[in-house]
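Some notes on the structure that comes next.
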4 protein chains.
Amino acid sequence: MVGDPVTEARRLAPRFAARAGASDRDGGFPVDDFADLRAAGLFGLMVPAALGGAGAGFRTYAETAYELARGNGATALVFNMHASVTGALGAVTPELAEALGLPDEAIAARDGYLRAAAAGSWYAVAMSERGAGSRLSQLSTVYEPVDGGYHLKGSKTFCSGAGHADAYLVAARSVTDQAVVSQFLVPAGDGLTVEPTWDALGMRATGSHDLHVDATVPQGALLGGVEGLALVVAQLMPHWMVASYAAVYVGVAQSAVDAAVAHVRERRLTGLPAVRARIGRADAAVAAARLAVFEAARRVDEAPGDPETNQWVWRAKLLAGTTAAEVAASMLEAAGTSAMRRGHPLERLYRDARAGSLQPATSDVCADWLGVEALGGDPDSDGSAPRW
Amino acid sequence: MVGDPVTEARRLAPRFAARAGASDRDGGFPVDDFADLRAAGLFGLMVPAALGGAGAGFRTYAETAYELARGNGATALVFNMHASVTGALGAVTPELAEALGLPDEAIAARDGYLRAAAAGSWYAVAMSERGAGSRLSQLSTVYEPVDGGYHLKGSKTFCSGAGHADAYLVAARSVTDQAVVSQFLVPAGDGLTVEPTWDALGMRATGSHDLHVDATVPQGALLGGVEGLALVVAQLMPHWMVASYAAVYVGVAQSAVDAAVAHVRERRLTGLPAVRARIGRADAAVAAARLAVFEAARRVDEAPGDPETNQWVWRAKLLAGTTAAEVAASMLEAAGTSAMRRGHPLERLYRDARAGSLQPATSDVCADWLGVEALGGDPDSDGSAPRW
Amino acid sequence: MVGDPVTEARRLAPRFAARAGASDRDGGFPVDDFADLRAAGLFGLMVPAALGGAGAGFRTYAETAYELARGNGATALVFNMHASVTGALGAVTPELAEALGLPDEAIAARDGYLRAAAAGSWYAVAMSERGAGSRLSQLSTVYEPVDGGYHLKGSKTFCSGAGHADAYLVAARSVTDQAVVSQFLVPAGDGLTVEPTWDALGMRATGSHDLHVDATVPQGALLGGVEGLALVVAQLMPHWMVASYAAVYVGVAQSAVDAAVAHVRERRLTGLPAVRARIGRADAAVAAARLAVFEAARRVDEAPGDPETNQWVWRAKLLAGTTAAEVAASMLEAAGTSAMRRGHPLERLYRDARAGSLQPATSDVCADWLGVEALGGDPDSDGSAPRW
Amino acid sequence: MVGDPVTEARRLAPRFAARAGASDRDGGFPVDDFADLRAAGLFGLMVPAALGGAGAGFRTYAETAYELARGNGATALVFNMHASVTGALGAVTPELAEALGLPDEAIAARDGYLRAAAAGSWYAVAMSERGAGSRLSQLSTVYEPVDGGYHLKGSKTFCSGAGHADAYLVAARSVTDQAVVSQFLVPAGDGLTVEPTWDALGMRATGSHDLHVDATVPQGALLGGVEGLALVVAQLMPHWMVASYAAVYVGVAQSAVDAAVAHVRERRLTGLPAVRARIGRADAAVAAARLAVFEAARRVDEAPGDPETNQWVWRAKLLAGTTAAEVAASMLEAAGTSAMRRGHPLERLYRDARAGSLQPATSDVCADWLGVEALGGDPDSDGSAPRW
């Protein structure tokens, strides 16, 4: 790690911002941003210090992601996936490993993945599937044991960073027992085919293409070394499933406010009362959402898995998603027609911001989860809509 | 006119819809849509029957534009410009002509333009300028009398249909008297240069490029034959300045509801309560906005220029703009991430819909205008923000 | 009928407004307003001309109710109940009577009730029950045949006008067959006990007390003369169940805008941009809701029971309820702290307006109904929440 | 101080809640609540420890006020006035006293007022006037020097706790120099007449009556001992002018969520998706507003007067006011008609919550302030609306 990660992220953000328009236009992957992230040592952000990383907690992750997203939300979103993988792997303490009955070799393999990340590798996530969304219980990708390891077969969608990552976390169901869902870290290369399907409204530079998997991996690729851990991890670490996006979307929202302020000042429209009111309300909304995201992150560090922590995690996701979309729409209205031209930051931010509420857990699912929780039900199972 | 214009528009809409994705993607002008409009006789919609047209009123225009916009909002928006020119020209009755002191030759010229429209010509509007927006009082394009006519020089922006129209309504200030703003109909050809600047968030197929004017026109090109009528027209026919867009954006909003319904049914998500609530609220909001637009249009026909009519005109614009943006955003949220892919109708409609509130008069200006009116002030002059 | 009912209502509204503060404060029934209504002949509004009434349609009812509500929403709300009873009775045509197999004596009895209304009697509705709400399928009030008629026993709640009406429409279930729900017109007097429970946030002058029923009625009191018609009527005339309130709440909303305008002008706050924006947006919102209510009413007259008519009925209820609450809240904010004093019209209107979305069908139920309808389901049976 | 103030407040809240309905109904002052506050030593909350108080900072104040408001918002609002007076007095450090040139006798007098508060006295604020609102620059109450002190004359409005406080902070203008506004602490008794005008929509138990002042006070009653400090204090300590209410309204909002949850559970409506969505969204909104209020308070303690601190102060006020009103309105809609009955907590909370945005600085003024600040202007002077 070159320096304090939040400071590093702040330093990189203007560089990302300068490139954001081009990669948005072409839907190209922000390879230069990722070279910057590697050079700054940020791939090791969530890697424990003992394994060569920065050993950051979730709060530091959230602040880092927020700052990166002020530069380019798409870059921050892909980075978030890597942080999720390394963060979840790094969060498995010896105590937890023992409680889950993880074999020593799995811990050793895990350490290797984390050391590699600290040394500059980064990982993508291949979880969602057409039809199943990100619900683990609905996956059709399967694996079966083969000599010396496992064979995985299936097709994934929305795999951010596809074709650029060094390895991919792939969720799959056991071919012999449909209820067993496991996660594997599959290295880039043979057996993985990227189908360039990602061409979307917003967050265009994430390269969230389809990934076809037909690969054989060694025993050590089974994360945790025990089958069936995927749902356990989702329940133990909902922050990585639900709220790690949140910091990104608050960064996008703040960026929209900043872009509107710059535009309005440049156009000398600061005297218009309606413009001031829009910017004032947006400023307050973004500030509140940011606090909520950082508070959730602080609690994840202090009391991971605590019911109140989880409640904050879902609040953070809901507030970030709704705030980003509303703020970006209002800021475009404050800036006026000239900000609708492609190449104007607000034109991109308006599209990027809309994605927040739609990424799982969607805003509507978050609201339902929080309502069930407040009413004393079990929010992970009692909802109007499926959670995972 | 082949048939009833609203029926014709309904017939054309699916054809437009089938082409909308392609012209949105490339920002190409919907030439085939315009060929269809011509073939259906819709260029003569606002032309009095005596001059070969359909002699439609504003209400019929609004219904026609609404139906066209359900196919492609961008096509309807360009058509709206042509309707504005022909509608305003056609609305000059002999009585009004006498009251304004319009010379007979100007009426004859006007009749010629309208006959040409009925025969298949269409006109664009070149009014806005960078910095001035659509405010007539701020224009920098100038004209001066020359032998046999006028010379016009200046640069226009947001000229929908630039490069495709048969003639352009150009607003310009007298070089000798800055307070005198006149309108000319400048034929396509020498003296007009299209600079392809239009590459925008939404309504991408309107071809609203910059238009550089350095042209000499004959006497008859001065609309009305008398200088200084531009502001008079704006005040006499605010519906063409303020509300003719409104029908287009309600069409876009309805199209978003329809697309969400189709998507949700196809994906078998009709059982999700949050989705149903979003669609139910959107259905009601669009229905109310549509009523308001048609009510405003009805009153324009019955009592043009009446204070209450004008109030409805501004209400229609406000409701259409805000409803379109809110509904499209909510429908995308109802449909989910898969609707964010480029090529999905909702992906385009979300971008198209955002333009409504931003087009002049913006939603914020409309709210101010209506507030001043309700409070007993003069809404055309007392506002917090300039009107024209 | 003294004159045109809408004109009469407009004439009475200022009188109602002058008394509204006092009856709101004490929760007293607006007896003087009802004397005015009687004197103006408005109790016969929905009575066919052949039976001595004005023979108004639903559209005229809606306009009348809107105007009355601009004076006092509570008075209009009680009047709406009477209009519902007489309107539903009056809407039973000979053809419908034959189709439903209604005996002649029942028609004769019905004619008597309507003639009495035209002569100055008015009727209240005793349908809701604690726990059951207004859902007919959940009622616990029962009736059983006795010599010469029926005996009814049960307790009703939210009976607007309790203690003041001349007769009460009471819904009850057959003691022998729980699926059979019938409606009776029970005259004031023995067997009806008013328990003064109504002391509510808003609409305080409706006297919507509890009504305990332990009464024997003659055969002719069974409306229609056939048991089990209650649900049939609800499905045949959803406008009287769902949308007759809507006009009242739009009247309340318009009254809030008017009160804010008067307050702001008197306080010389017309120059504040935020105040103007609030009033401008409220003006447009109320205008749109009013259009929707009148459009629904027009369609009820033209095509009663038509699916599209019913869709408009539910839209009208949703728009009226949500608009009233939002507008009243914003108008209070526009007017400022001094409008919070009791006795200020906005103080009352803010409370009255909140009731709209809560009265059945609630706004949330309306949204669900409309969503199911738009998605092609059966909105009367497929919802997330029970309808009746 | 009996114990930790936040714990004490939490202990008292249920007692306040049990009495809240009665004092709301009658508009009676919550004398028992104030006896509890005295007994708990909370009148000394903001008094420095050296003078016998708890020496709390603004963050502790905010948490205390939030907890008290969960019991009764009106009680917390009056307490907030006392906290403002003692907090502002207690915040005058020796360094600040020297910088402002405050004479020693004034410091001694100040110490006496604070010691009295620690011993159980409490103070109200008489600042607002009809027509002037709370803007110091518009006051018509005047003072003039008389032998041994000053004579004050004028009429105040919205004086919370009038008739119950031990002394009143009265703002007045110098009769000789209209630009000089000073503040006096006027003891209860001769010269102060309470006119019972407070009878309002919400916060009915604050006893915010008119106070007529015609009193002679000794020299020591001039706070600071120097004339003209009122505006200085307002600018130095905007948190006491702008944001001390904020914690109260977040407490009211949380109380509305709690009341809705209790109601919905009791009525067994937890299965309704629309109810769950409302409660989930409200839970998140209140949580975010509470964070913002506490963050503002933390910064007031850490960096009082800092531009960023002040920005948080205005954000806190805006978020608290808007959130309280929106949440209470939605919770009433979630609970349904039965919660509209007087005596139901939601009925009161809906009215109490509306006051937040209207109390100065109003939400619209806050939005303007924040917009000007974000745009780089001077938010205290550049606004669309007067600040003080």
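For the structure tokens, the naming scheme is as follows: chains receive sequential letters (A, B, ...) according to their order of presentation, residues are indexed from 1 within each chain, and ligands are indexed from 1 in presentation order.
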Per-residue DSSP, segment 122-371 of chain C, filtered to strand (DSSP E or B), as number ranges by chain: C: 123-126, 129, 133, 142-146, 149-159, 167-174, 181-187, 192-195, 200, 209-218, 222, 341
Got a sec: who's within 10 Å of Ala50 of chain B, counting only C-alpha atoms, leaving out chain neighbours fewer than 3 positions off, as an MDAnalysis selection string? chainID B and resid 47 53:55 111 115
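For the pair atom CA of Val186 of chain B and atom CA of His212 of chain B, the interatomic distance is 11.9 Å.
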For Gly28 of chain A, please output as a ChimeraX atom specification all residues within 9 Å (counting only C-alpha atoms; exclusion window: fewer than 2 positions along the same chain). /A:22-26,30-31,204-207
Which chain D residues are at most 6 Å from chain A (counting only C-alpha atoms), as JSON, numbers by chain? {"D": [261, 276, 277, 279, 280, 281, 284, 288, 292, 315, 367, 368, 370, 371, 375]}
Would you list the contacts of segment 188-200 of chain B as number ranges by chain, taking every protein, DNA or RNA residue within 7 Å and counting only C-alpha atoms, but skipping same-chain residues closer than 3 positions in sequence? A: 340-342; B: 27, 162-163, 165-167, 204, 207-215
Produce a file of the selected residues containing C-alpha atoms, as a CSV table (one decimal), in the first residue's frame.
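Written file, result06.csv:
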```csv
chain,number,residue,atom,x,y,z
A,340,MET,CA,-28.0,16.9,-21.8
A,341,ARG,CA,-25.2,16.8,-24.4
A,342,ARG,CA,-23.2,13.6,-24.4
B,27,GLY,CA,-28.7,9.6,-33.5
B,162,ALA,CA,-31.7,20.5,-39.3
B,163,GLY,CA,-30.6,19.3,-42.7
B,165,ALA,CA,-36.6,20.2,-43.4
B,166,ASP,CA,-37.7,22.1,-46.5
B,167,ALA,CA,-37.5,25.5,-44.8
B,204,ARG,CA,-31.4,11.6,-29.9
B,207,GLY,CA,-31.3,15.9,-35.2
B,208,SER,CA,-31.3,19.1,-33.2
B,209,HIS,CA,-28.1,20.3,-34.6
B,210,ASP,CA,-26.6,23.8,-34.8
B,211,LEU,CA,-27.6,25.8,-37.8
B,212,HIS,CA,-25.5,28.6,-39.1
B,213,VAL,CA,-27.4,31.2,-41.1
B,214,ASP,CA,-25.8,33.6,-43.6
B,215,ALA,CA,-28.6,33.9,-46.1
```
To one decimal place in Å, what is the distance between atom CA of Trp122 of chain B and atom CA of Val170 of chain B? 14.2 Å
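When DSSP is run on the backbone, the residues of segment 130-232 of chain A that fall into helix (DSSP H, G or I) are Leu136, Ser137, Gln138, Arg204, Ala205, Thr206, Gln219, Gly220, Ala221, Leu223, Gly224, Gly225, Ala230, Leu231 and Val232 of chain A.
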Quick one: residues within 12 Å of Val226 of chain C, only C-alpha atoms counted, chain neighbours fewer than 6 positions away excluded, as a list of chain:residue names?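 The contact residues come out as C:Ala97, C:Glu98, C:Leu100, C:Gly101, C:Leu102, C:Pro103, C:Asp104, C:Glu105, C:Ala106, C:Ile107, C:Ser174, C:Val180, C:Val181, C:Ser182, C:Gln183, C:Phe184, C:Gln219, C:Gly220, C:Val232.
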I'd like the contact shell of Arg15 of chain C - 10 Å cut-off, only C-alpha atoms, skipping same-chain residues fewer than 2 positions apart - returned as a PyMOL selection string. chain C and resi 10-13+17-20+32-33+36+68+71-72
So that I have them on file, write out the residues from the current selection with C-alpha atoms, as a JSON list (two decimals), in the first residue's frame.
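The result, written out as again.json:
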```json
[["chain", "number", "residue", "atom", "x", "y", "z"],
["C", 10, "ARG", "CA", -71.39, 27.39, -5.56],
["C", 11, "ARG", "CA", -73.84, 29.73, -3.90],
["C", 12, "LEU", "CA", -73.88, 27.72, -0.69],
["C", 13, "ALA", "CA", -70.13, 27.13, -0.42],
["C", 17, "ALA", "CA", -67.03, 28.01, 4.71],
["C", 18, "ALA", "CA", -68.12, 30.62, 7.20],
["C", 19, "ARG", "CA", -69.43, 27.89, 9.51],
["C", 20, "ALA", "CA", -66.71, 25.32, 8.90],
["C", 32, "ASP", "CA", -77.32, 24.75, 9.20],
["C", 33, "ASP", "CA", -75.49, 23.49, 6.14],
["C", 36, "ASP", "CA", -79.39, 24.94, 3.34],
["C", 68, "LEU", "CA", -69.78, 22.00, -1.72],
["C", 71, "GLY", "CA", -67.02, 25.36, 1.39],
["C", 72, "ASN", "CA", -66.78, 22.52, 3.89]]
```
Shell around Ser128 of chain C at 12 Å using only C-alpha atoms, local window under 4 positions removed, as a count of residues only: 32
Between atom CA of Glu227 of chain C and atom CA of Trp240 of chain C, what is the distance, to one decimal in Å? 20.0 Å
Nearest residue to Gly228 of chain C out of C:Glu333, C:Asp177, C:Asp301, C:Asp306, using only C-alpha atoms?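 Comparing C:Glu333, C:Asp177, C:Asp301, C:Asp306 against Gly228 of chain C, the winner is C:Asp177.
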So which one's closest to Val313 of chain A, A:His239, A:Arg267, A:Arg110, A:Arg348? Using only C-alpha atoms, please.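 Of the candidates, the smallest distance to Val313 of chain A is held by A:His239.
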